[in-house]
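So this block is target-v1.cif, mmCIF, C-alpha atoms:
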data_my_file
#
loop_
_atom_site.label_atom_id
_atom_site.label_comp_id
_atom_site.auth_asym_id
_atom_site.auth_seq_id
_atom_site.Cartn_x
_atom_site.Cartn_y
_atom_site.Cartn_z
CA MET A 1 -24.23 4.80 127.02
CA ARG A 2 -27.20 6.03 128.99
CA VAL A 3 -30.03 4.08 130.57
CA ILE A 4 -33.46 5.73 130.57
CA ASN A 5 -35.34 4.40 133.52
CA ARG A 6 -39.02 4.68 134.41
CA ASP A 7 -38.46 4.05 138.12
CA ASN A 8 -38.52 7.23 140.17
CA ALA A 9 -39.18 9.33 137.07
CA GLN A 10 -41.59 12.24 137.28
CA LEU A 11 -45.17 11.41 136.25
CA THR A 12 -47.91 13.65 134.98
CA ARG A 13 -51.56 12.72 134.63
CA SER A 14 -53.86 12.94 131.65
CA GLY A 15 -57.28 11.63 132.65
CA CYS A 16 -56.52 8.27 134.25
CA VAL A 17 -53.31 7.88 132.23
CA ASP A 18 -49.87 8.19 133.85
CA VAL A 19 -47.40 9.91 131.54
CA THR A 20 -43.59 9.87 131.89
CA ARG A 21 -42.27 12.54 129.54
CA TRP A 22 -38.68 12.15 128.36
CA GLU A 23 -37.93 15.89 128.47
CA GLN A 24 -36.90 15.28 132.12
CA PHE A 25 -33.99 13.05 131.00
CA GLY A 26 -32.11 15.87 129.24
CA LEU A 27 -31.82 14.03 125.92
CA ASP A 28 -33.62 16.64 123.80
CA SER A 29 -30.53 17.64 121.83
CA GLU A 30 -29.76 13.98 121.01
CA LEU A 31 -33.19 12.87 119.76
CA PRO A 32 -34.89 13.95 116.49
CA PHE A 33 -38.26 13.36 118.20
CA LYS A 34 -39.95 13.70 121.57
CA ALA A 35 -40.83 10.64 123.60
CA MET A 36 -42.81 9.42 126.59
CA TRP A 37 -44.12 6.33 128.27
CA TYR A 38 -47.75 6.18 129.22
CA SER A 39 -49.79 3.60 131.07
CA VAL A 40 -53.51 3.00 130.82
CA PRO A 41 -55.08 1.20 133.82
CA PRO A 42 -57.32 -1.86 133.38
CA ASN A 43 -60.80 -1.19 131.95
CA SER A 44 -59.80 2.36 131.06
CA SER A 45 -59.12 4.57 128.06
CA SER A 46 -56.80 7.41 127.25
CA PRO A 47 -58.49 10.79 126.70
CA PRO A 48 -59.11 11.29 122.94
CA ASP A 49 -56.05 13.00 121.48
CA GLN A 50 -55.37 14.87 118.23
CA HIS A 51 -52.23 16.78 117.23
CA PRO A 52 -50.15 17.81 114.21
CA GLU A 53 -47.27 15.52 115.19
CA VAL A 54 -46.90 12.05 113.69
CA GLU A 55 -46.84 9.57 116.60
CA LEU A 56 -45.21 6.15 116.66
CA SER A 57 -46.33 4.03 119.60
CA LEU A 58 -44.89 0.71 120.66
CA VAL A 59 -46.89 -1.58 122.94
CA ILE A 60 -44.61 -2.84 125.72
CA THR A 61 -47.08 -4.61 128.02
CA GLY A 62 -50.69 -5.53 127.36
CA THR A 63 -52.91 -5.08 124.32
CA ALA A 64 -53.93 -1.69 122.96
CA ASN A 65 -57.32 -1.26 121.31
CA VAL A 66 -56.66 1.79 119.21
CA GLU A 67 -59.72 3.75 118.06
CA VAL A 68 -59.39 6.01 115.03
CA GLY A 69 -62.39 7.23 113.01
CA GLY A 70 -64.76 4.91 114.89
CA GLU A 71 -62.70 1.84 113.99
CA ILE A 72 -60.86 -0.16 116.65
CA THR A 73 -57.65 -2.06 115.89
CA GLN A 74 -55.93 -4.41 118.30
CA VAL A 75 -52.18 -3.98 118.74
CA THR A 76 -50.44 -6.57 120.89
CA SER A 77 -47.24 -6.42 122.94
CA GLY A 78 -44.14 -5.82 120.79
CA ASP A 79 -46.07 -4.39 117.85
CA ALA A 80 -46.35 -0.72 116.95
CA PHE A 81 -48.84 1.73 115.48
CA VAL A 82 -48.38 5.04 113.72
CA VAL A 83 -50.95 7.83 114.02
CA MET A 84 -50.75 10.45 111.28
CA THR A 85 -51.13 14.23 111.54
CA ASP A 86 -54.50 15.29 113.02
CA GLU A 87 -55.93 11.77 113.30
CA GLU A 88 -58.02 11.69 116.46
CA HIS A 89 -57.10 8.60 118.47
CA THR A 90 -58.12 6.95 121.71
CA VAL A 91 -56.35 3.99 123.30
CA HIS A 92 -58.50 1.52 125.20
CA ASN A 93 -57.22 -1.06 127.66
CA ASN A 94 -59.91 -3.74 127.79
CA SER A 95 -57.97 -5.95 130.21
CA HIS A 96 -59.66 -6.49 133.56
CA ASP A 97 -56.43 -6.73 135.54
CA GLY A 98 -53.37 -5.74 133.47
CA THR A 99 -51.95 -2.27 132.90
CA LEU A 100 -51.27 -1.28 129.29
CA LEU A 101 -47.80 0.25 128.93
CA ILE A 102 -46.84 2.12 125.78
CA TYR A 103 -43.69 3.87 124.55
CA SER A 104 -44.53 6.77 122.28
CA SER A 105 -42.34 8.95 120.08
CA TYR A 106 -43.67 11.92 118.12
CA TRP A 107 -42.41 14.63 115.77
CA MET A 108 -43.63 17.26 113.37
CA PRO A 109 -43.98 15.84 109.85
CA VAL A 110 -40.94 16.70 107.74
CA GLU A 111 -42.82 19.04 105.37
CA ASN A 112 -44.08 21.18 108.31
CA VAL A 113 -40.83 21.47 110.30
CA MET B 1 -53.43 4.79 111.45
CA ARG B 2 -51.07 2.00 110.56
CA VAL B 3 -50.13 -1.07 112.55
CA ILE B 4 -46.54 -2.28 112.26
CA ASN B 5 -46.57 -5.99 112.87
CA ARG B 6 -43.67 -8.38 113.48
CA ASP B 7 -45.64 -11.45 112.40
CA ASN B 8 -44.81 -12.57 108.88
CA ALA B 9 -42.28 -9.76 108.47
CA GLN B 10 -39.02 -10.42 106.68
CA LEU B 11 -36.12 -11.36 108.97
CA THR B 12 -32.41 -11.03 108.43
CA ARG B 13 -29.71 -12.62 110.54
CA SER B 14 -26.73 -11.04 112.27
CA GLY B 15 -24.84 -13.76 114.13
CA CYS B 16 -27.54 -15.51 116.15
CA VAL B 17 -29.69 -12.39 116.23
CA ASP B 18 -32.92 -12.13 114.20
CA VAL B 19 -33.42 -8.64 112.82
CA THR B 20 -36.69 -7.20 111.47
CA ARG B 21 -35.79 -3.99 109.66
CA TRP B 22 -38.55 -1.42 109.29
CA GLU B 23 -37.51 -0.36 105.79
CA GLN B 24 -39.82 -3.15 104.55
CA PHE B 25 -42.88 -1.34 105.95
CA GLY B 26 -42.55 1.64 103.59
CA LEU B 27 -42.56 4.25 106.36
CA ASP B 28 -39.20 5.81 105.55
CA SER B 29 -40.64 9.13 104.44
CA GLU B 30 -42.68 9.41 107.66
CA LEU B 31 -39.96 8.68 110.23
CA PRO B 32 -37.01 10.93 111.12
CA PHE B 33 -35.05 7.79 112.06
CA LYS B 34 -34.60 4.18 111.03
CA ALA B 35 -35.93 1.37 113.14
CA MET B 36 -35.85 -2.37 113.66
CA TRP B 37 -36.73 -5.09 116.10
CA TYR B 38 -34.10 -7.61 117.05
CA SER B 39 -34.21 -10.69 119.21
CA VAL B 40 -31.32 -12.33 121.06
CA PRO B 41 -31.84 -16.02 121.94
CA PRO B 42 -31.25 -17.34 125.49
CA ASN B 43 -27.59 -17.56 126.59
CA SER B 44 -26.50 -15.55 123.55
CA SER B 45 -25.07 -12.18 122.61
CA SER B 46 -25.42 -9.81 119.70
CA PRO B 47 -22.30 -9.38 117.56
CA PRO B 48 -20.30 -6.33 118.80
CA ASP B 49 -21.56 -3.29 116.90
CA GLN B 50 -20.22 0.23 116.34
CA HIS B 51 -21.61 2.96 114.05
CA PRO B 52 -21.87 6.72 113.66
CA GLU B 53 -25.63 6.69 114.32
CA VAL B 54 -27.03 7.42 117.75
CA GLU B 55 -29.17 4.42 118.75
CA LEU B 56 -32.11 4.36 121.13
CA SER B 57 -33.13 0.85 122.19
CA LEU B 58 -36.18 -0.12 124.16
CA VAL B 59 -36.33 -3.48 125.91
CA ILE B 60 -39.70 -5.09 125.17
CA THR B 61 -39.24 -8.59 126.60
CA GLY B 62 -36.44 -9.89 128.82
CA THR B 63 -33.42 -8.19 130.35
CA ALA B 64 -30.56 -6.76 128.30
CA ASN B 65 -27.03 -6.81 129.67
CA VAL B 66 -25.48 -4.03 127.64
CA GLU B 67 -21.69 -4.02 127.41
CA VAL B 68 -19.93 -0.78 126.51
CA GLY B 69 -16.25 -0.18 127.23
CA GLY B 70 -15.97 -3.36 129.25
CA GLU B 71 -18.77 -2.30 131.58
CA ILE B 72 -22.08 -4.17 131.70
CA THR B 73 -25.36 -2.45 132.56
CA GLN B 74 -28.65 -4.25 133.09
CA VAL B 75 -31.69 -2.81 131.34
CA THR B 76 -35.02 -4.41 132.15
CA SER B 77 -38.26 -4.66 130.18
CA GLY B 78 -39.84 -1.28 129.50
CA ASP B 79 -36.63 0.67 130.04
CA ALA B 80 -34.42 2.11 127.32
CA PHE B 81 -30.77 2.77 126.59
CA VAL B 82 -29.04 5.21 124.27
CA VAL B 83 -25.74 4.36 122.59
CA MET B 84 -23.80 7.38 121.35
CA THR B 85 -21.85 7.79 118.10
CA ASP B 86 -19.04 5.22 117.72
CA GLU B 87 -19.59 3.54 121.10
CA GLU B 88 -18.93 -0.16 120.63
CA HIS B 89 -21.74 -2.13 122.21
CA THR B 90 -22.73 -5.75 122.70
CA VAL B 91 -26.07 -6.93 124.06
CA HIS B 92 -26.05 -10.10 126.15
CA ASN B 93 -29.10 -12.19 126.97
CA ASN B 94 -28.16 -14.10 130.13
CA SER B 95 -31.55 -15.78 130.45
CA HIS B 96 -31.51 -19.55 130.15
CA ASP B 97 -34.93 -19.80 128.54
CA GLY B 98 -36.31 -16.42 127.50
CA THR B 99 -35.72 -14.54 124.26
CA LEU B 100 -34.65 -10.90 124.60
CA LEU B 101 -36.70 -8.66 122.29
CA ILE B 102 -35.59 -5.09 121.59
CA TYR B 103 -36.99 -2.22 119.53
CA SER B 104 -34.22 -0.02 118.20
CA SER B 105 -34.31 3.35 116.46
CA TYR B 106 -31.20 5.07 115.09
CA TRP B 107 -30.24 8.25 113.27
CA MET B 108 -27.22 10.32 112.34
CA PRO B 109 -26.46 12.89 115.05
CA VAL B 110 -27.89 16.29 114.15
CA GLU B 111 -24.49 17.97 113.67
CA ASN B 112 -23.42 15.35 111.07
CA VAL B 113 -26.61 15.21 109.02
#
Using structure tokens, write down the structure that the file contains.
Amino acid sequence: MRVINRDNAQLTRSGCVDVTRWEQFGLDSELPFKAMWYSVPPNSSSPPDQHPEVELSLVITGTANVEVGGEITQVTSGDAFVVMTDEEHTVHNNSHDGTLLIYSSYWMPVENV
Amino acid sequence: MRVINRDNAQLTRSGCVDVTRWEQFGLDSELPFKAMWYSVPPNSSSPPDQHPEVELSLVITGTANVEVGGEITQVTSGDAFVVMTDEEHTVHNNSHDGTLLIYSSYWMPVENV
């Protein structure tokens, strides 16, 4: 059993978003996907993102307002959202005081691997 | 973009644990793993479990006391734990009043697929 812990993990920055990439935990050979945590500060948004990988995100803390194709969908703590290949997406945190924390896993779609 | 929502989803029971299996969301062809949410009531434990799949669990709400090989490790909200092939594991919720909510994903190890 292994615990994967955010404390003291190495962060990178993407716009105002803190990203904790799981590559640093040496689990790559165990997982059939890549993973990260990212946090969006209050009143902030992630940079728009678009990639060939399918991405499954799980909201841990806060409420994500996920913008895809000009439409915004609210996803609350505990729920998940899946972004398909090449869908441009932006994650807004409309809270005035709470950080939005998300776990994300992503992989190349099976037909393109 | 698709939202995967726990509300109104179909539950199954394993001991005192409520399980929401993701098969019902019709995403099987998109995901290189299976997934579920499960919740452990206060002062309760999951039934001991053991399987060939590697299992990555993410604690959404509460604190998991994960027992493997007689050793108990605390995993707090936002953190994750990985159980390897055939490791027997039991998840205890020692809280007196809070439900423990976990997202779990699991897959056959690459060498056995």
(request) Would you translate the PyMOL selection byres ((chain A and resi 38-49) around 7) into the concrete set of residues it matches in this file, as a ChimeraX atom specification? (result) /A:15-20,36-37,50-51,88-103
Selected residues written out with C-alpha atoms, as a short mmCIF file (atom, residue, chain, number, x, y, z; two decimals), in the frame of the given file:
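Result file is part26.cif:
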data_model
loop_
_atom_site.label_atom_id
_atom_site.label_comp_id
_atom_site.auth_asym_id
_atom_site.auth_seq_id
_atom_site.Cartn_x
_atom_site.Cartn_y
_atom_site.Cartn_z
CA GLY A 15 -57.28 11.63 132.65
CA CYS A 16 -56.52 8.27 134.25
CA VAL A 17 -53.31 7.88 132.23
CA ASP A 18 -49.87 8.19 133.85
CA VAL A 19 -47.40 9.91 131.54
CA THR A 20 -43.59 9.87 131.89
CA MET A 36 -42.81 9.42 126.59
CA TRP A 37 -44.12 6.33 128.27
CA GLN A 50 -55.37 14.87 118.23
CA HIS A 51 -52.23 16.78 117.23
CA GLU A 88 -58.02 11.69 116.46
CA HIS A 89 -57.10 8.60 118.47
CA THR A 90 -58.12 6.95 121.71
CA VAL A 91 -56.35 3.99 123.30
CA HIS A 92 -58.50 1.52 125.20
CA ASN A 93 -57.22 -1.06 127.66
CA ASN A 94 -59.91 -3.74 127.79
CA SER A 95 -57.97 -5.95 130.21
CA HIS A 96 -59.66 -6.49 133.56
CA ASP A 97 -56.43 -6.73 135.54
CA GLY A 98 -53.37 -5.74 133.47
CA THR A 99 -51.95 -2.27 132.90
CA LEU A 100 -51.27 -1.28 129.29
CA LEU A 101 -47.80 0.25 128.93
CA ILE A 102 -46.84 2.12 125.78
CA TYR A 103 -43.69 3.87 124.55
#
(request) Within 7 Å of chain B, which residues of chain A are there when counting only C-alpha atoms? Please give them as a list in words. (result)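 Taking only C-alpha atoms into account, Met1, Arg2, Val3, Ile4, Asn5, Arg6, Glu30, Pro32, Ile60, Gly78, Asp79, Ala80, Phe81, Val82, Val83, Met84 and Pro109 of chain A sit within 7 Å of chain B.
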Mind fitting chain A onto chain B over all Cα atoms in sequence order and sending the result as a compact mmCIF listing (two decimals) with C-alpha atoms, keeping the file's coordinate frame?
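Written file, superposed14.txt:
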# COMPACT_ATOMS: atom_id res chain seq x y z
CA MET A 1 -53.44 4.80 111.43
CA ARG A 2 -51.06 2.01 110.57
CA VAL A 3 -50.14 -1.08 112.56
CA ILE A 4 -46.55 -2.30 112.26
CA ASN A 5 -46.57 -5.99 112.86
CA ARG A 6 -43.69 -8.39 113.48
CA ASP A 7 -45.65 -11.46 112.39
CA ASN A 8 -44.80 -12.57 108.87
CA ALA A 9 -42.28 -9.75 108.49
CA GLN A 10 -39.02 -10.41 106.68
CA LEU A 11 -36.11 -11.35 108.97
CA THR A 12 -32.40 -11.04 108.43
CA ARG A 13 -29.70 -12.61 110.55
CA SER A 14 -26.73 -11.06 112.27
CA GLY A 15 -24.83 -13.77 114.13
CA CYS A 16 -27.53 -15.53 116.15
CA VAL A 17 -29.70 -12.39 116.23
CA ASP A 18 -32.93 -12.14 114.21
CA VAL A 19 -33.42 -8.64 112.82
CA THR A 20 -36.70 -7.20 111.48
CA ARG A 21 -35.80 -3.99 109.66
CA TRP A 22 -38.56 -1.41 109.29
CA GLU A 23 -37.50 -0.36 105.78
CA GLN A 24 -39.82 -3.16 104.55
CA PHE A 25 -42.88 -1.33 105.96
CA GLY A 26 -42.56 1.65 103.60
CA LEU A 27 -42.57 4.25 106.38
CA ASP A 28 -39.19 5.81 105.55
CA SER A 29 -40.64 9.14 104.45
CA GLU A 30 -42.69 9.42 107.67
CA LEU A 31 -39.96 8.68 110.23
CA PRO A 32 -37.00 10.94 111.13
CA PHE A 33 -35.04 7.79 112.07
CA LYS A 34 -34.59 4.19 111.01
CA ALA A 35 -35.93 1.37 113.14
CA MET A 36 -35.83 -2.37 113.68
CA TRP A 37 -36.72 -5.09 116.11
CA TYR A 38 -34.10 -7.61 117.05
CA SER A 39 -34.20 -10.70 119.22
CA VAL A 40 -31.32 -12.32 121.05
CA PRO A 41 -31.83 -16.02 121.94
CA PRO A 42 -31.24 -17.33 125.48
CA ASN A 43 -27.60 -17.55 126.59
CA SER A 44 -26.50 -15.56 123.55
CA SER A 45 -25.07 -12.19 122.60
CA SER A 46 -25.41 -9.81 119.71
CA PRO A 47 -22.28 -9.38 117.56
CA PRO A 48 -20.32 -6.32 118.80
CA ASP A 49 -21.58 -3.29 116.90
CA GLN A 50 -20.22 0.23 116.33
CA HIS A 51 -21.61 2.94 114.05
CA PRO A 52 -21.87 6.72 113.66
CA GLU A 53 -25.62 6.71 114.32
CA VAL A 54 -27.04 7.42 117.77
CA GLU A 55 -29.18 4.41 118.75
CA LEU A 56 -32.11 4.37 121.14
CA SER A 57 -33.12 0.87 122.19
CA LEU A 58 -36.18 -0.10 124.17
CA VAL A 59 -36.33 -3.48 125.90
CA ILE A 60 -39.70 -5.09 125.16
CA THR A 61 -39.22 -8.59 126.60
CA GLY A 62 -36.45 -9.88 128.82
CA THR A 63 -33.42 -8.19 130.34
CA ALA A 64 -30.57 -6.76 128.28
CA ASN A 65 -27.04 -6.80 129.66
CA VAL A 66 -25.49 -4.03 127.64
CA GLU A 67 -21.69 -4.02 127.39
CA VAL A 68 -19.93 -0.78 126.52
CA GLY A 69 -16.24 -0.15 127.23
CA GLY A 70 -15.96 -3.36 129.27
CA GLU A 71 -18.78 -2.30 131.60
CA ILE A 72 -22.09 -4.18 131.68
CA THR A 73 -25.36 -2.46 132.57
CA GLN A 74 -28.65 -4.25 133.09
CA VAL A 75 -31.69 -2.81 131.33
CA THR A 76 -35.02 -4.42 132.16
CA SER A 77 -38.27 -4.68 130.19
CA GLY A 78 -39.85 -1.27 129.50
CA ASP A 79 -36.64 0.68 130.04
CA ALA A 80 -34.43 2.12 127.32
CA PHE A 81 -30.76 2.77 126.59
CA VAL A 82 -29.05 5.21 124.28
CA VAL A 83 -25.74 4.37 122.59
CA MET A 84 -23.81 7.38 121.34
CA THR A 85 -21.84 7.80 118.11
CA ASP A 86 -19.05 5.20 117.72
CA GLU A 87 -19.58 3.55 121.10
CA GLU A 88 -18.92 -0.15 120.62
CA HIS A 89 -21.76 -2.13 122.20
CA THR A 90 -22.73 -5.74 122.69
CA VAL A 91 -26.07 -6.94 124.05
CA HIS A 92 -26.05 -10.09 126.14
CA ASN A 93 -29.10 -12.18 126.98
CA ASN A 94 -28.15 -14.11 130.12
CA SER A 95 -31.56 -15.78 130.45
CA HIS A 96 -31.50 -19.56 130.16
CA ASP A 97 -34.92 -19.83 128.54
CA GLY A 98 -36.32 -16.42 127.50
CA THR A 99 -35.71 -14.53 124.27
CA LEU A 100 -34.64 -10.90 124.60
CA LEU A 101 -36.69 -8.66 122.29
CA ILE A 102 -35.59 -5.10 121.59
CA TYR A 103 -36.99 -2.22 119.54
CA SER A 104 -34.22 -0.02 118.20
CA SER A 105 -34.31 3.35 116.46
CA TYR A 106 -31.21 5.07 115.10
CA TRP A 107 -30.24 8.25 113.27
CA MET A 108 -27.24 10.33 112.34
CA PRO A 109 -26.45 12.89 115.05
CA VAL A 110 -27.88 16.29 114.14
CA GLU A 111 -24.48 17.97 113.66
CA ASN A 112 -23.41 15.32 111.08
CA VAL A 113 -26.61 15.17 109.00
(message) Please enumerate the residues selected by the PyMOL selection byres ((chain A and resi 10) around 8) when evaluated against the supplied file, formatted as an MDAnalysis selection string.
(response) chainID A and resid 8:9 11:12 20:21 24
(request) State, in Å with one decimal place, the distance from atom CA of A:Glu23 to atom CA of B:Glu23. (result) 27.9 Å
(message) Rounded to one decimal, what separation in Å do you get between atom CA of B:Ser105 and atom CA of A:Ala35?
(response)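 So the answer is 12.1 Å.
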(request) For atom CA of B:Ser104 and atom CA of A:Ser104, quote the distance in Å rounded to one decimal. (result)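 Atom CA of A:Ser104 lies at a distance of 13.0 Å from atom CA of B:Ser104.
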